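Report on the structure given below.
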Amino acid sequence: MTISSSLSEARGSGFGADALIACDSVVRVFRSGGVEVQALQGLDLLVQEKDMLAIVGASGSGKSTLLGILSGLDAPTAGTAHLAGHDLTTMRGAELVRYRRSTVGLVRQQSSRNLLPHLTAAENVSLPLALAGAGRRERSNRSGELLRALGLADRADQRPAQLSGGEQQRVSIAVALAGSPRVLLADEPTGQLDEKTSDEVFGALRAVNDTFGCTIVIVTHDATVASQVRRTVAIRDGRISSETLRREQLDASGVATLSEEEFAVLDRVGRLQLPSEYREALGLNERVRLTLESDHVGVWPQHDHDEPEGETR
Ligand SMILES: Nc1ncnc2c1ncn2[C@@H]1O[C@H](COP(=O)(O)OP(=O)(O)OP(=O)(O)O)[C@@H](O)[C@H]1O
């Protein structure tokens, strides 16, 4: 078996062709005061239309950097990134303005950065539509529809200070959706909320995903978010390291239960990151032996005179 493979051979030209978001070996390097930080180190990520996923990771792992690139506020240093057909490495000028206005919607952690304090909920939702040139009737219909979908029909005339934290974040979601974006990006949307209110905001995001079919990407520190979304992607050292998928299964009597399973992520050229506890437990360092079995691949520590059990070479 040939372990090494040519990088260019392994990277076909159709990577992510059917995905709404395709990040291919994205690198983002920051340089400040003569110091270089590699915030993203060859990140691959595919997101399909109507998906709802969370990106989790420790502080400094690169989550906000990725969100900055997807929202068009920043661009990769190397690699390629596409969202809804827009090339995020080259987009400039009018295309960038249109992209940020109508292809993506952004919800930030502090609702004070999402909402204008002197406007009512309905006026806040109408504002991006007014800036895009929508007429009064269209603005009123759209803001009414969004506030109803987010369970805020009776709060339309309240100003942010008159709303609870969870209600403010739901209005923020409505504002971000006003321009009917293909993708809603949320940066720690529940970071300042208690658990019960967070559940309420996640419920609102799921409703938006179901009702409008809007693709949603949530960035968060909170690893418990896995119980709120179908797909959770963990980022470590600027790369995707694992994914947790949550599925509904029916038992023999037809009762639905939720199960979660964590997967290691195989990147485009076949690399995968072994969890540090596995490496430490078996002394897997620097070189390992691989064996191809009928239904799995074995990974063995390199001991100079040892052969993997049951194997001859
Ligand atoms: N503008 C910048 N200039 C220099 N370094 C930066 C800049 N932005 C991010 N970094 C560095 O890049 C790395 C990744 O940062 P990033 O903010 O993306 O991580 P994060 O996972 O979002 O962290 P947090 O959860 O704390 O927000 C960190 O080491 C950070 O210090």
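Scheme for the structure tokens: letters A, B, ... for chains in order shown; per-chain residue numbers from 1; ligand numbers from 1 in order shown.
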
Self-check item: Neighbourhood of ligand 1 at 12 Å, counting only C-alpha atoms and all ligand atoms, reported as number ranges by chain
Solution: A: 27-41, 55-69, 73-75, 108-109, 187-188, 191, 218-223, 234-240

Selected residues written out, C-alpha atoms, as a tab-separated table (two decimals), in the first residue's frame:
chain	number	residue	atom	x	y	z
A	27	VAL	CA	-4.56	29.94	5.84
A	28	ARG	CA	-4.75	33.27	7.67
A	29	VAL	CA	-1.54	34.74	9.01
A	30	PHE	CA	-1.52	37.89	11.14
A	31	ARG	CA	1.66	39.87	11.46
A	32	SER	CA	2.03	42.44	14.18
A	33	GLY	CA	5.17	43.93	15.72
A	34	GLY	CA	7.42	41.46	13.88
A	35	VAL	CA	5.45	38.48	15.27
A	36	GLU	CA	3.58	36.13	12.98
A	37	VAL	CA	0.49	34.25	14.15
A	38	GLN	CA	-1.02	31.49	12.00
A	39	ALA	CA	-4.66	31.77	13.05
A	40	LEU	CA	-5.86	29.32	10.37
A	41	GLN	CA	-3.48	26.62	9.23
A	55	ILE	CA	-18.07	25.68	15.18
A	56	VAL	CA	-16.59	25.18	18.65
A	57	GLY	CA	-13.07	25.51	19.96
A	58	ALA	CA	-10.93	26.91	22.72
A	59	SER	CA	-10.01	30.57	22.85
A	60	GLY	CA	-7.45	31.37	20.15
A	61	SER	CA	-8.27	28.31	18.01
A	62	GLY	CA	-9.28	30.45	15.03
A	63	LYS	CA	-13.10	30.55	15.21
A	64	SER	CA	-13.50	34.32	14.93
A	65	THR	CA	-10.90	34.46	12.17
A	66	LEU	CA	-12.94	31.97	10.16
A	67	LEU	CA	-16.15	33.88	10.82
A	68	GLY	CA	-14.45	37.12	9.75
A	69	ILE	CA	-13.53	35.50	6.41
A	73	LEU	CA	-14.74	41.37	6.82
A	74	ASP	CA	-11.38	39.67	6.25
A	75	ALA	CA	-9.75	37.52	3.56
A	108	ARG	CA	-22.90	39.40	17.10
A	109	GLN	CA	-22.62	38.47	20.75
A	187	ASP	CA	-20.72	34.93	16.67
A	188	GLU	CA	-21.30	33.65	20.23
A	191	GLY	CA	-22.44	34.23	25.09
A	218	ILE	CA	-22.73	29.50	14.77
A	219	VAL	CA	-19.34	30.12	16.36
A	220	THR	CA	-19.14	29.45	20.08
A	221	HIS	CA	-16.93	28.50	23.03
A	222	ASP	CA	-19.80	26.49	24.41
A	223	ALA	CA	-19.20	22.78	23.73
A	234	ALA	CA	-14.42	21.39	16.47
A	235	ILE	CA	-11.54	23.63	15.46
A	236	ARG	CA	-8.12	23.19	17.00
A	237	ASP	CA	-4.96	25.12	16.11
A	238	GLY	CA	-6.58	26.62	13.05
A	239	ARG	CA	-7.87	23.36	11.56
A	240	ILE	CA	-10.99	21.27	11.85

Quiz item: Could you name the residues that touch Thr257 (chain A) at 9 Å or less, counting only C-alpha atoms, but leaving out those on the same chain fewer than 5 positions away, as an MDAnalysis selection string?
Solution: chainID A and resid 247:251

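CA of Glu49 (chain A) sits 5.7 Å away from CA of Thr215 (chain A).
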
Practice problem: Go through A:Gly298, A:Gly105, A:Gly166, A:Gly179 and flag the residue nearest Ala134 (chain A), using only C-alpha atoms for the distances. | Solution: A:Gly179

Residue contacts of Ala174 (chain A) (8 Å, only C-alpha atoms) excluding same-chain residues fewer than 2 positions away, as a PDB file with C-alpha atoms, in the first residue's frame:
ATOM      1  CA  VAL A 125     -35.605  45.066  11.281  1.00  0.00           C
ATOM      2  CA  SER A 143     -40.399  42.885   9.426  1.00  0.00           C
ATOM      3  CA  LEU A 146     -39.662  37.911  10.644  1.00  0.00           C
ATOM      4  CA  LEU A 147     -40.821  39.076  14.062  1.00  0.00           C
ATOM      5  CA  LEU A 150     -39.168  34.607  15.904  1.00  0.00           C
ATOM      6  CA  ARG A 170     -34.067  37.243  18.598  1.00  0.00           C
ATOM      7  CA  VAL A 171     -34.603  40.744  17.201  1.00  0.00           C
ATOM      8  CA  SER A 172     -30.903  40.721  16.201  1.00  0.00           C
ATOM      9  CA  ALA A 176     -29.672  39.796  10.178  1.00  0.00           C
ATOM     10  CA  LEU A 177     -32.342  37.974   8.149  1.00  0.00           C
ATOM     11  CA  ALA A 178     -33.987  41.116   6.778  1.00  0.00           C
TER      12      ALA A 178
END

Practice problem: Report as a ChimeraX atom specification: the residues of region 70-201 of chain A with a DSSP assignment of helix (DSSP H, G or I), based on the backbone of this structure. | Solution: /A:70,93-103,111-113,121-131,136-149,153-155,160-162,165-177,195-201

Using only C-alpha atoms, please write the residues we just selected to a file, as a PDB file, in the first residue's frame.
ATOM      1  CA  LEU A  70     -17.011  34.041   5.851  1.00  0.00           C
ATOM      2  CA  GLY A  93     -15.787  46.892  -4.091  1.00  0.00           C
ATOM      3  CA  ALA A  94     -19.452  46.701  -5.098  1.00  0.00           C
ATOM      4  CA  GLU A  95     -19.529  42.890  -4.992  1.00  0.00           C
ATOM      5  CA  LEU A  96     -18.253  42.945  -1.402  1.00  0.00           C
ATOM      6  CA  VAL A  97     -20.887  45.521  -0.393  1.00  0.00           C
ATOM      7  CA  ARG A  98     -23.659  43.421  -1.986  1.00  0.00           C
ATOM      8  CA  TYR A  99     -22.262  40.268  -0.382  1.00  0.00           C
ATOM      9  CA  ARG A 100     -22.298  41.758   3.116  1.00  0.00           C
ATOM     10  CA  ARG A 101     -25.724  43.271   2.591  1.00  0.00           C
ATOM     11  CA  SER A 102     -27.594  40.332   1.085  1.00  0.00           C
ATOM     12  CA  THR A 103     -25.575  37.105   0.892  1.00  0.00           C
ATOM     13  CA  SER A 111     -27.087  42.842  20.975  1.00  0.00           C
ATOM     14  CA  SER A 112     -26.002  46.483  21.466  1.00  0.00           C
ATOM     15  CA  ARG A 113     -23.816  45.935  18.366  1.00  0.00           C
ATOM     16  CA  ALA A 121     -37.822  46.155  17.139  1.00  0.00           C
ATOM     17  CA  ALA A 122     -39.814  46.605  13.907  1.00  0.00           C
ATOM     18  CA  GLU A 123     -37.810  49.719  12.938  1.00  0.00           C
ATOM     19  CA  ASN A 124     -34.521  47.908  13.583  1.00  0.00           C
ATOM     20  CA  VAL A 125     -35.605  45.066  11.281  1.00  0.00           C
ATOM     21  CA  SER A 126     -36.819  47.538   8.625  1.00  0.00           C
ATOM     22  CA  LEU A 127     -33.613  49.566   8.596  1.00  0.00           C
ATOM     23  CA  PRO A 128     -31.457  47.278   6.412  1.00  0.00           C
ATOM     24  CA  LEU A 129     -34.388  47.004   3.998  1.00  0.00           C
ATOM     25  CA  ALA A 130     -34.726  50.795   3.838  1.00  0.00           C
ATOM     26  CA  LEU A 131     -30.983  51.070   3.141  1.00  0.00           C
ATOM     27  CA  ARG A 136     -42.708  51.065   3.070  1.00  0.00           C
ATOM     28  CA  ARG A 137     -45.153  48.167   2.440  1.00  0.00           C
ATOM     29  CA  GLU A 138     -42.355  45.676   1.697  1.00  0.00           C
ATOM     30  CA  ARG A 139     -40.504  46.760   4.840  1.00  0.00           C
ATOM     31  CA  SER A 140     -43.573  46.413   6.985  1.00  0.00           C
ATOM     32  CA  ASN A 141     -44.503  42.993   5.538  1.00  0.00           C
ATOM     33  CA  ARG A 142     -40.997  41.606   5.893  1.00  0.00           C
ATOM     34  CA  SER A 143     -40.399  42.885   9.426  1.00  0.00           C
ATOM     35  CA  GLY A 144     -43.825  41.563  10.492  1.00  0.00           C
ATOM     36  CA  GLU A 145     -43.073  38.151   8.966  1.00  0.00           C
ATOM     37  CA  LEU A 146     -39.662  37.911  10.644  1.00  0.00           C
ATOM     38  CA  LEU A 147     -40.821  39.076  14.062  1.00  0.00           C
ATOM     39  CA  ARG A 148     -43.720  36.583  13.935  1.00  0.00           C
ATOM     40  CA  ALA A 149     -41.365  33.741  12.921  1.00  0.00           C
ATOM     41  CA  ALA A 153     -45.043  39.728  17.078  1.00  0.00           C
ATOM     42  CA  ASP A 154     -46.195  41.384  20.317  1.00  0.00           C
ATOM     43  CA  ARG A 155     -42.805  43.091  20.896  1.00  0.00           C
ATOM     44  CA  PRO A 160     -34.193  47.186  22.859  1.00  0.00           C
ATOM     45  CA  ALA A 161     -34.005  48.415  26.481  1.00  0.00           C
ATOM     46  CA  GLN A 162     -37.595  47.253  26.992  1.00  0.00           C
ATOM     47  CA  GLY A 165     -31.632  39.630  26.625  1.00  0.00           C
ATOM     48  CA  GLY A 166     -33.121  36.655  24.762  1.00  0.00           C
ATOM     49  CA  GLU A 167     -35.690  38.881  23.007  1.00  0.00           C
ATOM     50  CA  GLN A 168     -32.949  41.324  21.992  1.00  0.00           C
ATOM     51  CA  GLN A 169     -30.957  38.471  20.434  1.00  0.00           C
ATOM     52  CA  ARG A 170     -34.067  37.243  18.598  1.00  0.00           C
ATOM     53  CA  VAL A 171     -34.603  40.744  17.201  1.00  0.00           C
ATOM     54  CA  SER A 172     -30.903  40.721  16.201  1.00  0.00           C
ATOM     55  CA  ILE A 173     -31.552  37.484  14.294  1.00  0.00           C
ATOM     56  CA  ALA A 174     -34.532  39.121  12.550  1.00  0.00           C
ATOM     57  CA  VAL A 175     -32.340  42.119  11.589  1.00  0.00           C
ATOM     58  CA  ALA A 176     -29.672  39.796  10.178  1.00  0.00           C
ATOM     59  CA  LEU A 177     -32.342  37.974   8.149  1.00  0.00           C
ATOM     60  CA  GLU A 195     -28.838  28.475  29.932  1.00  0.00           C
ATOM     61  CA  LYS A 196     -32.617  28.784  29.672  1.00  0.00           C
ATOM     62  CA  THR A 197     -32.422  31.917  27.527  1.00  0.00           C
ATOM     63  CA  SER A 198     -29.706  30.315  25.367  1.00  0.00           C
ATOM     64  CA  ASP A 199     -32.046  27.387  24.710  1.00  0.00           C
ATOM     65  CA  GLU A 200     -34.698  29.876  23.637  1.00  0.00           C
ATOM     66  CA  VAL A 201     -32.291  31.580  21.185  1.00  0.00           C
TER      67      VAL A 201
END

Quiz prompt | Selected residue of minimal separation from Leu43 (chain A) among A:Gln110, A:Gln192, A:Leu266, A:Gly151, counting only C-alpha atoms | solution = A:Leu266

Practice problem: Work out how far apart CA of Val217 (chain A) and CA of Ser276 (chain A) are and give it in Å to one decimal. | Solution: 27.0 Å

Quiz item: In Å, how far is it from CA of Asp87 (chain A) to CA of Pro181 (chain A)?
Solution: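 Interatomic distance here is 16.4 Å.
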
Quiz item: Of the candidates A:Pro117, A:Pro189, A:Gly16, A:Gly135, which shows the shortest atom-to-atom distance to Gln48 (chain A), using only C-alpha atoms?
Solution: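 Among A:Pro117, A:Pro189, A:Gly16, A:Gly135, it is A:Gly16 that comes nearest to Gln48 (chain A).
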
Quiz prompt | Selection near Leu45 (chain A), 9 Å with only C-alpha atoms, sequence-local residues under 2 positions removed, as a list in words | solution = Gly16, Ile21, Ala22, Cys23, Asp24, Ser25, Leu43, Val47, Ile240 and Asp267 of chain A

Could you save those same residues with N, CA and C atoms as a compact mmCIF listing (two decimals), in the first residue's frame?
# COMPACT_ATOMS: atom_id res chain seq x y z
N GLY A 16 -15.88 20.54 -3.15
CA GLY A 16 -16.90 21.46 -2.66
C GLY A 16 -17.76 22.07 -3.74
N ILE A 21 -20.86 26.49 1.16
CA ILE A 21 -19.62 27.09 1.66
C ILE A 21 -18.51 26.05 1.45
N ALA A 22 -17.43 26.46 0.83
CA ALA A 22 -16.30 25.55 0.63
C ALA A 22 -15.00 26.27 0.98
N CYS A 23 -14.36 25.82 2.06
CA CYS A 23 -13.06 26.36 2.44
C CYS A 23 -12.03 25.29 2.14
N ASP A 24 -11.04 25.62 1.37
CA ASP A 24 -10.06 24.66 0.93
C ASP A 24 -8.66 25.13 1.34
N SER A 25 -8.10 24.46 2.35
CA SER A 25 -6.74 24.77 2.83
C SER A 25 -6.58 26.25 3.16
N LEU A 43 -7.28 25.15 6.76
CA LEU A 43 -8.60 24.67 7.21
C LEU A 43 -9.47 24.28 6.01
N VAL A 47 -19.94 23.15 3.82
CA VAL A 47 -21.26 23.31 4.43
C VAL A 47 -22.29 23.27 3.31
N ILE A 240 -9.88 22.06 11.33
CA ILE A 240 -10.99 21.27 11.85
C ILE A 240 -10.42 19.95 12.36
N ASP A 267 -9.08 15.02 6.12
CA ASP A 267 -9.09 16.16 5.20
C ASP A 267 -8.93 15.69 3.76

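Remark: for Glu260 (chain A), the closest of the candidate residues A:Ala226, A:Leu282, A:Cys214, A:Ala78 is A:Ala226 (distances computed over only C-alpha atoms).
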
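If only C-alpha atoms are the atoms counted, then among A:Leu245, A:Leu83, A:Leu184, A:Leu292 the closest residue to Phe212 (chain A) is A:Leu184.
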